[in-house]
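**Student:** What follows is input_10.tsv, made up of TSV, C-alpha atoms:
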chain	number	residue	atom	x	y	z
A	745	MET	CA	147.62	80.76	57.04
A	746	ARG	CA	144.68	81.85	59.24
A	747	THR	CA	145.44	78.94	61.61
A	748	ILE	CA	149.09	79.97	61.97
A	749	ILE	CA	148.17	83.62	62.56
A	750	ALA	CA	145.59	82.57	65.15
A	751	LEU	CA	148.15	80.40	66.96
A	752	VAL	CA	150.73	83.19	67.06
A	753	THR	CA	148.06	85.60	68.32
A	754	THR	CA	146.99	83.17	71.05
A	755	CYS	CA	150.58	82.65	72.22
A	756	ALA	CA	151.14	86.39	72.34
A	757	ALA	CA	147.93	86.90	74.29
A	758	LEU	CA	149.08	84.32	76.83
A	759	GLY	CA	152.43	86.08	77.15
A	760	LEU	CA	154.27	83.11	75.67
A	761	GLY	CA	155.69	84.75	72.57
A	762	THR	CA	156.95	82.87	69.54
A	763	GLU	CA	159.63	81.17	71.66
A	764	ALA	CA	156.95	78.91	73.17
A	765	MET	CA	156.18	77.61	69.70
A	766	ALA	CA	159.77	76.50	69.10
A	767	GLU	CA	160.07	72.74	69.13
A	768	ARG	CA	162.24	71.36	71.90
A	769	LEU	CA	165.59	70.03	70.75
A	770	LYS	CA	166.06	66.28	70.95
A	771	ILE	CA	169.37	65.24	72.50
A	772	VAL	CA	170.70	61.70	72.80
A	773	THR	CA	173.84	61.06	74.87
A	774	THR	CA	175.86	57.88	75.05
A	775	THR	CA	176.15	57.93	78.86
A	776	SER	CA	174.00	58.92	81.80
A	777	ASP	CA	176.62	61.41	82.97
A	778	LEU	CA	176.48	63.31	79.70
A	779	ALA	CA	172.68	63.20	79.89
A	780	SER	CA	172.73	64.74	83.37
A	781	ILE	CA	175.02	67.58	82.31
A	782	ALA	CA	173.11	68.13	79.06
A	783	LYS	CA	169.84	68.44	80.99
A	784	ALA	CA	171.38	71.05	83.27
A	785	VAL	CA	172.63	73.07	80.29
A	786	ALA	CA	169.62	72.70	77.99
A	787	GLY	CA	167.04	73.31	80.69
A	788	ASP	CA	163.47	73.29	79.39
A	789	LYS	CA	164.53	73.79	75.78
A	790	ALA	CA	165.40	70.17	75.06
A	791	ASP	CA	164.42	66.57	75.74
A	792	VAL	CA	167.49	64.56	76.75
A	793	ARG	CA	167.91	60.79	76.76
A	794	GLY	CA	170.98	58.83	77.79
A	795	ILE	CA	171.72	55.37	76.40
A	796	CYS	CA	173.76	53.90	79.26
A	797	THR	CA	171.87	53.81	82.54
A	798	GLY	CA	174.95	53.96	84.77
A	799	LYS	CA	174.38	50.41	86.00
A	800	GLU	CA	176.33	48.69	83.22
A	801	ASP	CA	179.84	48.66	81.82
A	802	PRO	CA	179.65	51.27	79.03
A	803	HIS	CA	182.24	49.38	76.99
A	804	MET	CA	179.86	46.45	76.60
A	805	LEU	CA	176.58	48.05	75.51
A	806	GLN	CA	174.52	46.69	72.60
A	807	ALA	CA	173.01	48.65	69.70
A	808	LYS	CA	169.35	48.01	70.53
A	809	PRO	CA	166.58	48.88	68.03
A	810	SER	CA	164.96	51.19	70.61
A	811	VAL	CA	168.12	53.27	70.79
A	812	ILE	CA	168.37	53.44	67.00
A	813	LEU	CA	164.83	54.86	66.96
A	814	GLN	CA	165.83	57.52	69.50
A	815	ALA	CA	168.83	58.48	67.37
A	816	ARG	CA	166.66	58.74	64.26
A	817	ASP	CA	164.94	61.90	65.55
A	818	ALA	CA	167.89	63.40	67.44
A	819	ASP	CA	169.08	66.93	66.77
A	820	LEU	CA	172.25	66.37	68.81
A	821	TRP	CA	174.24	63.25	69.62
A	822	ILE	CA	176.79	63.64	72.44
A	823	ARG	CA	179.46	61.02	73.04
A	824	ILE	CA	182.33	60.43	75.46
A	825	GLY	CA	184.62	59.49	72.60
A	826	LEU	CA	188.17	58.10	72.89
A	827	GLU	CA	186.64	54.84	71.58
A	828	LEU	CA	184.56	54.20	74.71
A	829	GLU	CA	181.57	53.55	72.44
A	830	ILE	CA	183.56	51.85	69.66
A	831	GLY	CA	181.64	48.57	69.84
A	832	TRP	CA	178.13	50.01	69.53
A	833	GLU	CA	178.02	53.65	68.46
A	834	GLN	CA	178.51	53.23	64.72
A	835	PRO	CA	175.72	50.64	64.28
A	836	ILE	CA	173.36	53.05	66.04
A	837	LEU	CA	174.37	56.00	63.87
A	838	ASP	CA	174.20	53.92	60.69
A	839	GLY	CA	170.84	52.43	61.62
A	840	SER	CA	169.36	55.83	62.44
A	841	ARG	CA	169.98	57.18	58.93
A	842	ASN	CA	170.12	60.59	60.57
A	843	ASN	CA	172.67	62.72	58.77
A	844	ARG	CA	172.29	65.49	61.35
A	845	ILE	CA	174.21	63.44	63.95
A	846	ARG	CA	176.90	61.92	61.76
A	847	VAL	CA	180.54	62.43	62.79
A	848	GLY	CA	181.56	65.86	61.53
A	849	ALA	CA	178.01	67.22	61.46
A	850	PRO	CA	176.94	70.04	63.84
A	851	GLY	CA	174.64	67.56	65.56
A	852	HIS	CA	177.50	65.28	66.61
A	853	LEU	CA	179.47	66.40	69.67
A	854	ASP	CA	182.51	64.54	71.01
A	855	VAL	CA	183.13	66.19	74.38
A	856	SER	CA	186.52	64.50	74.80
A	857	GLU	CA	187.81	67.28	72.56
A	858	SER	CA	187.16	69.72	75.43
A	859	ALA	CA	188.40	67.51	78.28
A	860	LEU	CA	191.79	67.09	79.95
A	861	ILE	CA	192.92	63.62	78.89
A	862	LEU	CA	195.20	61.23	80.80
A	863	ASP	CA	196.72	57.81	80.03
A	864	VAL	CA	197.57	58.58	76.42
A	865	PRO	CA	199.83	55.68	75.31
A	866	GLN	CA	203.31	56.68	74.23
A	867	ALA	CA	204.08	53.38	72.48
A	868	PRO	CA	202.33	51.34	69.77
A	869	ILE	CA	199.19	49.53	70.95
A	870	THR	CA	198.63	45.79	70.50
A	871	ARG	CA	195.73	43.53	71.52
A	872	ALA	CA	198.11	41.74	73.89
A	873	MET	CA	197.95	44.86	76.08
A	874	GLY	CA	194.22	44.39	76.73
A	875	ASP	CA	191.51	46.98	76.14
A	876	VAL	CA	193.85	49.97	75.92
A	877	HIS	CA	192.45	53.14	74.35
A	878	PRO	CA	194.99	54.62	71.89
A	879	MET	CA	193.75	58.20	72.32
A	880	GLY	CA	193.66	58.15	76.10
A	881	ASN	CA	191.58	56.99	79.06
A	882	PRO	CA	187.87	57.67	78.34
A	883	HIS	CA	186.67	57.82	81.97
A	884	TYR	CA	187.41	61.54	82.20
A	885	TRP	CA	183.95	62.51	83.47
A	886	LEU	CA	185.04	61.46	86.99
A	887	ASP	CA	187.18	64.60	87.15
A	888	PRO	CA	184.84	67.46	88.17
A	889	LEU	CA	187.07	69.90	86.28
A	890	ASN	CA	186.17	67.96	83.15
A	891	GLY	CA	182.53	68.15	84.26
A	892	ARG	CA	182.85	71.94	84.01
A	893	ARG	CA	184.44	71.67	80.58
A	894	ILE	CA	181.78	69.29	79.30
A	895	ALA	CA	179.05	71.75	80.34
A	896	GLY	CA	180.78	74.54	78.46
A	897	ALA	CA	181.19	72.45	75.32
A	898	ILE	CA	177.53	71.41	75.33
A	899	ALA	CA	176.39	75.01	75.82
A	900	GLU	CA	178.41	76.21	72.83
A	901	ARG	CA	177.14	73.46	70.56
A	902	LEU	CA	173.53	74.09	71.60
A	903	ALA	CA	174.09	77.79	70.96
A	904	GLN	CA	175.22	76.88	67.46
A	905	LEU	CA	172.17	74.73	66.84
A	906	ARG	CA	169.67	77.16	68.41
A	907	PRO	CA	171.24	80.68	68.30
A	908	GLU	CA	168.12	82.38	69.66
A	909	ASP	CA	168.57	80.45	72.93
A	910	ALA	CA	172.34	80.85	73.17
A	911	ALA	CA	172.20	83.19	76.16
A	912	ALA	CA	170.03	80.73	78.10
A	913	PHE	CA	172.32	77.80	77.37
A	914	ARG	CA	175.40	79.73	78.44
A	915	ALA	CA	173.71	80.98	81.59
A	916	ASN	CA	172.65	77.44	82.50
A	917	ALA	CA	176.19	76.17	81.94
A	918	ALA	CA	177.60	78.95	84.10
A	919	ALA	CA	175.14	78.10	86.89
A	920	PHE	CA	176.10	74.41	86.67
A	921	GLN	CA	179.79	75.27	86.80
A	922	LYS	CA	179.28	77.56	89.79
A	923	ALA	CA	177.46	74.78	91.62
A	924	LEU	CA	180.36	72.40	90.94
A	925	ASP	CA	182.86	75.02	92.12
A	926	GLU	CA	181.06	75.43	95.44
A	927	ARG	CA	180.64	71.69	95.95
A	928	MET	CA	184.31	71.17	95.14
A	929	PHE	CA	185.85	73.86	97.35
A	930	GLY	CA	183.07	75.16	99.58
A	931	VAL	CA	181.19	78.44	99.19
A	932	GLU	CA	183.43	80.43	101.51
A	933	LEU	CA	186.70	79.45	99.84
A	934	VAL	CA	185.32	80.15	96.37
A	935	LYS	CA	184.24	83.62	97.48
A	936	ALA	CA	187.60	84.34	99.10
A	937	VAL	CA	189.93	83.01	96.40
A	938	GLY	CA	187.93	82.56	93.20
A	939	ALA	CA	187.07	79.34	91.40
A	940	GLU	CA	189.55	79.71	88.55
A	941	ALA	CA	192.48	80.20	90.93
A	942	LEU	CA	191.44	77.17	92.95
A	943	TRP	CA	191.09	74.91	89.92
A	944	THR	CA	194.53	76.04	88.79
A	945	LYS	CA	195.93	74.96	92.15
A	946	THR	CA	194.43	71.49	91.68
A	947	GLN	CA	196.30	71.28	88.38
A	948	ASP	CA	199.70	72.57	89.44
A	949	GLY	CA	199.80	70.57	92.68
A	950	THR	CA	199.76	73.51	95.09
A	951	LEU	CA	196.24	73.06	96.50
A	952	ALA	CA	197.20	70.76	99.40
A	953	ALA	CA	199.80	73.17	100.78
A	954	PHE	CA	197.38	76.07	100.24
A	955	LEU	CA	194.67	74.33	102.23
A	956	ASP	CA	197.11	73.64	105.07
A	957	GLU	CA	197.73	77.36	105.57
A	958	PRO	CA	195.99	78.55	108.77
A	959	ALA	CA	194.08	81.28	106.93
A	960	ASN	CA	192.53	78.75	104.53
A	961	LYS	CA	191.84	75.75	106.76
A	962	THR	CA	188.63	77.17	108.16
A	963	LYS	CA	187.41	78.39	104.76
A	964	ALA	CA	187.83	75.13	102.83
A	965	GLY	CA	184.79	72.93	102.39
A	966	GLY	CA	183.20	70.60	99.89
A	967	TRP	CA	184.86	67.63	98.30
A	968	VAL	CA	188.44	68.84	98.69
A	969	ALA	CA	188.02	69.32	102.43
A	970	ALA	CA	186.38	65.92	102.85
A	971	LEU	CA	189.15	64.12	100.95
A	972	HIS	CA	192.07	66.26	102.11
A	973	PRO	CA	192.99	63.74	104.84
A	974	LEU	CA	193.29	61.05	102.14
A	975	ARG	CA	195.73	62.95	99.91
A	976	GLY	CA	198.68	60.74	99.04
A	977	ARG	CA	196.77	57.60	100.04
A	978	LYS	CA	197.69	54.59	97.90
A	979	ILE	CA	194.77	52.57	96.54
A	980	VAL	CA	193.94	49.66	94.25
A	981	THR	CA	191.07	49.83	91.75
A	982	TYR	CA	189.32	47.21	89.64
A	983	HIS	CA	189.45	48.90	86.22
A	984	ARG	CA	191.25	52.08	85.19
A	985	SER	CA	187.99	53.97	85.63
A	986	TRP	CA	189.27	55.98	88.59
A	987	VAL	CA	192.43	57.54	87.15
A	988	TYR	CA	190.88	61.00	86.71
A	989	PHE	CA	189.22	61.08	90.11
A	990	ALA	CA	192.43	59.94	91.81
A	991	ASN	CA	194.48	62.51	89.94
A	992	ARG	CA	192.20	65.41	90.88
A	993	PHE	CA	192.02	64.50	94.57
A	994	GLY	CA	195.60	63.39	95.15
A	995	LEU	CA	195.14	59.64	95.46
A	996	THR	CA	197.77	57.24	94.07
A	997	ILE	CA	196.68	54.10	92.21
A	998	VAL	CA	199.33	51.39	92.63
A	999	GLY	CA	197.54	48.70	90.63
A	1000	GLU	CA	194.30	47.27	89.29
A	1001	LEU	CA	192.53	43.98	89.98
A	1002	GLU	CA	192.44	43.46	86.21
A	1003	PRO	CA	195.85	42.20	85.03
A	1004	LYS	CA	195.21	44.13	81.81
A	1005	PRO	CA	192.35	46.50	80.97
A	1006	GLY	CA	189.24	44.45	80.23
A	1007	VAL	CA	190.82	41.16	81.37
A	1008	PRO	CA	189.23	39.54	84.48
A	1009	PRO	CA	191.41	39.05	87.58
A	1010	THR	CA	193.56	35.91	87.75
A	1011	ALA	CA	194.99	34.10	90.77
A	1012	ALA	CA	198.57	34.79	89.68
A	1013	HIS	CA	197.90	38.49	89.23
A	1014	LEU	CA	196.11	38.78	92.58
A	1015	ALA	CA	199.08	37.15	94.33
A	1016	GLU	CA	201.47	39.68	92.77
A	1017	LEU	CA	199.12	42.55	93.52
A	1018	ALA	CA	198.74	41.47	97.15
A	1019	ALA	CA	202.50	41.57	97.63
A	1020	ALA	CA	202.73	44.99	96.01
A	1021	ALA	CA	199.76	46.34	98.00
A	1022	LYS	CA	201.32	45.19	101.29
A	1023	ALA	CA	204.63	46.79	100.38
A	1024	GLU	CA	202.91	50.06	99.44
A	1025	GLY	CA	200.64	50.12	102.49
A	1026	VAL	CA	197.39	50.01	100.51
A	1027	LYS	CA	194.34	50.28	102.75
A	1028	LEU	CA	191.60	50.90	100.21
A	1029	ILE	CA	190.26	48.98	97.20
A	1030	LEU	CA	187.87	50.93	94.97
A	1031	GLN	CA	185.55	49.43	92.37
A	1032	GLU	CA	182.33	49.83	90.44
A	1033	PRO	CA	179.09	47.96	91.34
A	1034	PHE	CA	178.80	46.11	88.01
A	1035	TYR	CA	181.97	44.06	88.61
A	1036	SER	CA	182.10	41.05	90.92
A	1037	THR	CA	183.61	41.81	94.33
A	1038	LYS	CA	185.16	38.35	94.62
A	1039	ALA	CA	188.66	39.47	93.64
A	1040	ALA	CA	188.44	42.63	95.76
A	1041	ASN	CA	187.41	40.63	98.81
A	1042	GLN	CA	190.23	38.15	98.25
A	1043	LEU	CA	192.76	40.97	98.07
A	1044	ALA	CA	191.25	42.62	101.14
A	1045	ALA	CA	191.59	39.39	103.11
A	1046	LYS	CA	195.29	39.25	102.26
A	1047	THR	CA	196.07	42.93	102.87
A	1048	GLY	CA	193.56	44.20	105.41
A	1049	ALA	CA	192.41	46.85	102.94
A	1050	ARG	CA	188.84	48.18	102.95
A	1051	VAL	CA	186.69	47.51	99.88
A	1052	VAL	CA	184.67	50.48	98.67
A	1053	VAL	CA	182.04	49.75	96.03
A	1054	VAL	CA	180.47	52.86	94.55
A	1055	ALA	CA	178.82	53.97	91.32
A	1056	ASN	CA	181.12	55.58	88.79
A	1057	ALA	CA	178.24	56.93	86.70
A	1058	VAL	CA	174.97	58.78	87.21
A	1059	GLY	CA	172.20	56.26	87.87
A	1060	GLY	CA	174.61	53.55	89.01
A	1061	GLU	CA	172.99	53.81	92.44
A	1062	PRO	CA	169.80	55.61	93.52
A	1063	ALA	CA	171.81	58.28	95.37
A	1064	ALA	CA	173.76	59.10	92.19
A	1065	SER	CA	170.73	60.88	90.76
A	1066	ASP	CA	172.66	63.52	88.81
A	1067	TYR	CA	176.28	64.50	88.16
A	1068	PRO	CA	176.90	66.54	91.35
A	1069	ALA	CA	175.13	63.86	93.42
A	1070	LEU	CA	177.40	61.20	91.88
A	1071	MET	CA	180.47	63.09	93.07
A	1072	ASP	CA	178.85	63.61	96.47
A	1073	LEU	CA	178.33	59.85	96.76
A	1074	ILE	CA	181.88	58.89	95.78
A	1075	VAL	CA	183.40	61.40	98.20
A	1076	GLN	CA	181.08	60.27	101.00
A	1077	ARG	CA	181.97	56.59	100.55
A	1078	LEU	CA	185.70	57.23	100.42
A	1079	SER	CA	185.74	59.54	103.44
A	1080	MET	CA	183.77	57.21	105.73
Rewrite the structure of this file - the entire thing - as structure tokens.
**Tutor:**
Amino acid sequence: MRTIIALVTTCAALGLGTEAMAERLKIVTTTSDLASIAKAVAGDKADVRGICTGKEDPHMLQAKPSVILQARDADLWIRIGLELEIGWEQPILDGSRNNRIRVGAPGHLDVSESALILDVPQAPITRAMGDVHPMGNPHYWLDPLNGRRIAGAIAERLAQLRPEDAAAFRANAAAFQKALDERMFGVELVKAVGAEALWTKTQDGTLAAFLDEPANKTKAGGWVAALHPLRGRKIVTYHRSWVYFANRFGLTIVGELEPKPGVPPTAAHLAELAAAAKAEGVKLILQEPFYSTKAANQLAAKTGARVVVVANAVGGEPAASDYPALMDLIVQRLSM
């Protein structure tokens, strides 16, 4: 008892208060993108570790013993969901024997529940269709509007787990969202119009016409200004990783190098895709670094399209050091 009283007295004397004695929350996320956003929201009140590094295909991860040990002490487990982690999440959770992070527990957060989801199948799913996700496309983090939503969801769950720090978590999330707003639209346009109104315009399809108005052309900045000249551009991607990014920035995906999700490119499929790409005027092929560029280069040789290889996750390249930097990198590569 004397030791505890002495410790409290020492903290008070140093101006730290009892908050300094609170143990930092331990957060484990399934992807590097979630880790980046969680760090921004949690600030100095949590230790955050991501399982995927951003350099690998997140569908293909393995349940390593080191990750199971991390999960064993976690206060919060954050996942992408929509079965992205279906092959490796459950063995990690089972092996951790940590009831705090079980599905349904307060320490288990599926942020897909807060995201805008695309590619939800409208017909029964069979294995013949490839690696199709029955609840929708799980690559939703590549939409910066979903980045905002993820931050908000993490803040609310942290506030539930640590109520005394709720105000700090919410303030951090708000700061992160504001930074995304300004990077998306430019500081001047956000000040003039308001972030919520601008995000609404990206959803209802009126942003392009709005940006073309003389009064707004000089105010627009950020990612939307950089990619505005590419709106309506038809592209080919390797995997259906880029659906959300394309949707938010007005790009049209006319096909993938994979004949079916998760199935490597074939000669027959590439021949069909080349014909379709020529007919559609495709000039850009977009893919992730962890796939071979052989098929992309073959298609480029037949169509004259430019191949753009860029990270689709935080840590996938050195420049993609955090979530906003990842978006910066993708926009920079596409607008070159």
**Student:** If you count only C-alpha atoms, which residues fall within 9 Å of Asn881 in chain A, apart from same-chain ones fewer than 3 positions away, as a list in words?
**Tutor:**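 So, after excluding close chain neighbours, the residues are Leu826, Leu828, Ile861, Leu862, Asp863, Val864, Val876, His877, Pro878, Tyr884, Arg984, Ser985, Val987 and Tyr988 of chain A.
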**Student:** CA of Ala903 in chain A to CA of Lys789 in chain A: how many Å, to one decimal?
**Tutor:**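 About the pair CA of Ala903 in chain A and CA of Lys789 in chain A: they are 11.4 Å apart.
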**Student:** Counting all atoms listed in the file, which residue out of A:Ala936, A:Leu1030, A:Ala1063, A:Ala1011 sits closest to Gln1042 in chain A?
**Tutor:**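 Under the stated criterion, the closest residue is A:Ala1011.
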**Student:** I'd like the contact shell of Ala859 in chain A - 12 Å cut-off, all atoms listed in the file, skipping same-chain residues fewer than 4 positions apart - returned as a PDB file with C-alpha atoms, in the frame of the given file.
**Tutor:**
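Once written, selection37.pdb looks like this:
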ATOM      1  CA  ILE A 824     182.330  60.430  75.460  1.00  0.00           C
ATOM      2  CA  GLY A 825     184.620  59.490  72.600  1.00  0.00           C
ATOM      3  CA  LEU A 826     188.170  58.100  72.890  1.00  0.00           C
ATOM      4  CA  ASP A 854     182.510  64.540  71.010  1.00  0.00           C
ATOM      5  CA  VAL A 855     183.130  66.190  74.380  1.00  0.00           C
ATOM      6  CA  GLY A 880     193.660  58.150  76.100  1.00  0.00           C
ATOM      7  CA  ASN A 881     191.580  56.990  79.060  1.00  0.00           C
ATOM      8  CA  PRO A 882     187.870  57.670  78.340  1.00  0.00           C
ATOM      9  CA  HIS A 883     186.670  57.820  81.970  1.00  0.00           C
ATOM     10  CA  TYR A 884     187.410  61.540  82.200  1.00  0.00           C
ATOM     11  CA  TRP A 885     183.950  62.510  83.470  1.00  0.00           C
ATOM     12  CA  LEU A 886     185.040  61.460  86.990  1.00  0.00           C
ATOM     13  CA  ASP A 887     187.180  64.600  87.150  1.00  0.00           C
ATOM     14  CA  PRO A 888     184.840  67.460  88.170  1.00  0.00           C
ATOM     15  CA  LEU A 889     187.070  69.900  86.280  1.00  0.00           C
ATOM     16  CA  ASN A 890     186.170  67.960  83.150  1.00  0.00           C
ATOM     17  CA  GLY A 891     182.530  68.150  84.260  1.00  0.00           C
ATOM     18  CA  ARG A 892     182.850  71.940  84.010  1.00  0.00           C
ATOM     19  CA  ARG A 893     184.440  71.670  80.580  1.00  0.00           C
ATOM     20  CA  ILE A 894     181.780  69.290  79.300  1.00  0.00           C
ATOM     21  CA  ALA A 895     179.050  71.750  80.340  1.00  0.00           C
ATOM     22  CA  GLY A 896     180.780  74.540  78.460  1.00  0.00           C
ATOM     23  CA  ALA A 897     181.190  72.450  75.320  1.00  0.00           C
ATOM     24  CA  ILE A 898     177.530  71.410  75.330  1.00  0.00           C
ATOM     25  CA  TYR A 988     190.880  61.000  86.710  1.00  0.00           C
TER      26      TYR A 988
END
**Student:** Report, in Å to a single decimal, how far apart CA of Ile771 in chain A and CA of Leu853 in chain A are.
**Tutor:**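 Interatomic distance here is 10.6 Å.
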**Student:** Show me, as number ranges by chain, the residues that have an atom within 10 Å of Lys922 in chain A when counting all atoms listed in the file, minus same-chain residues fewer than 3 positions from it.
**Tutor:** A: 892, 916-919, 925-928, 931, 934, 939
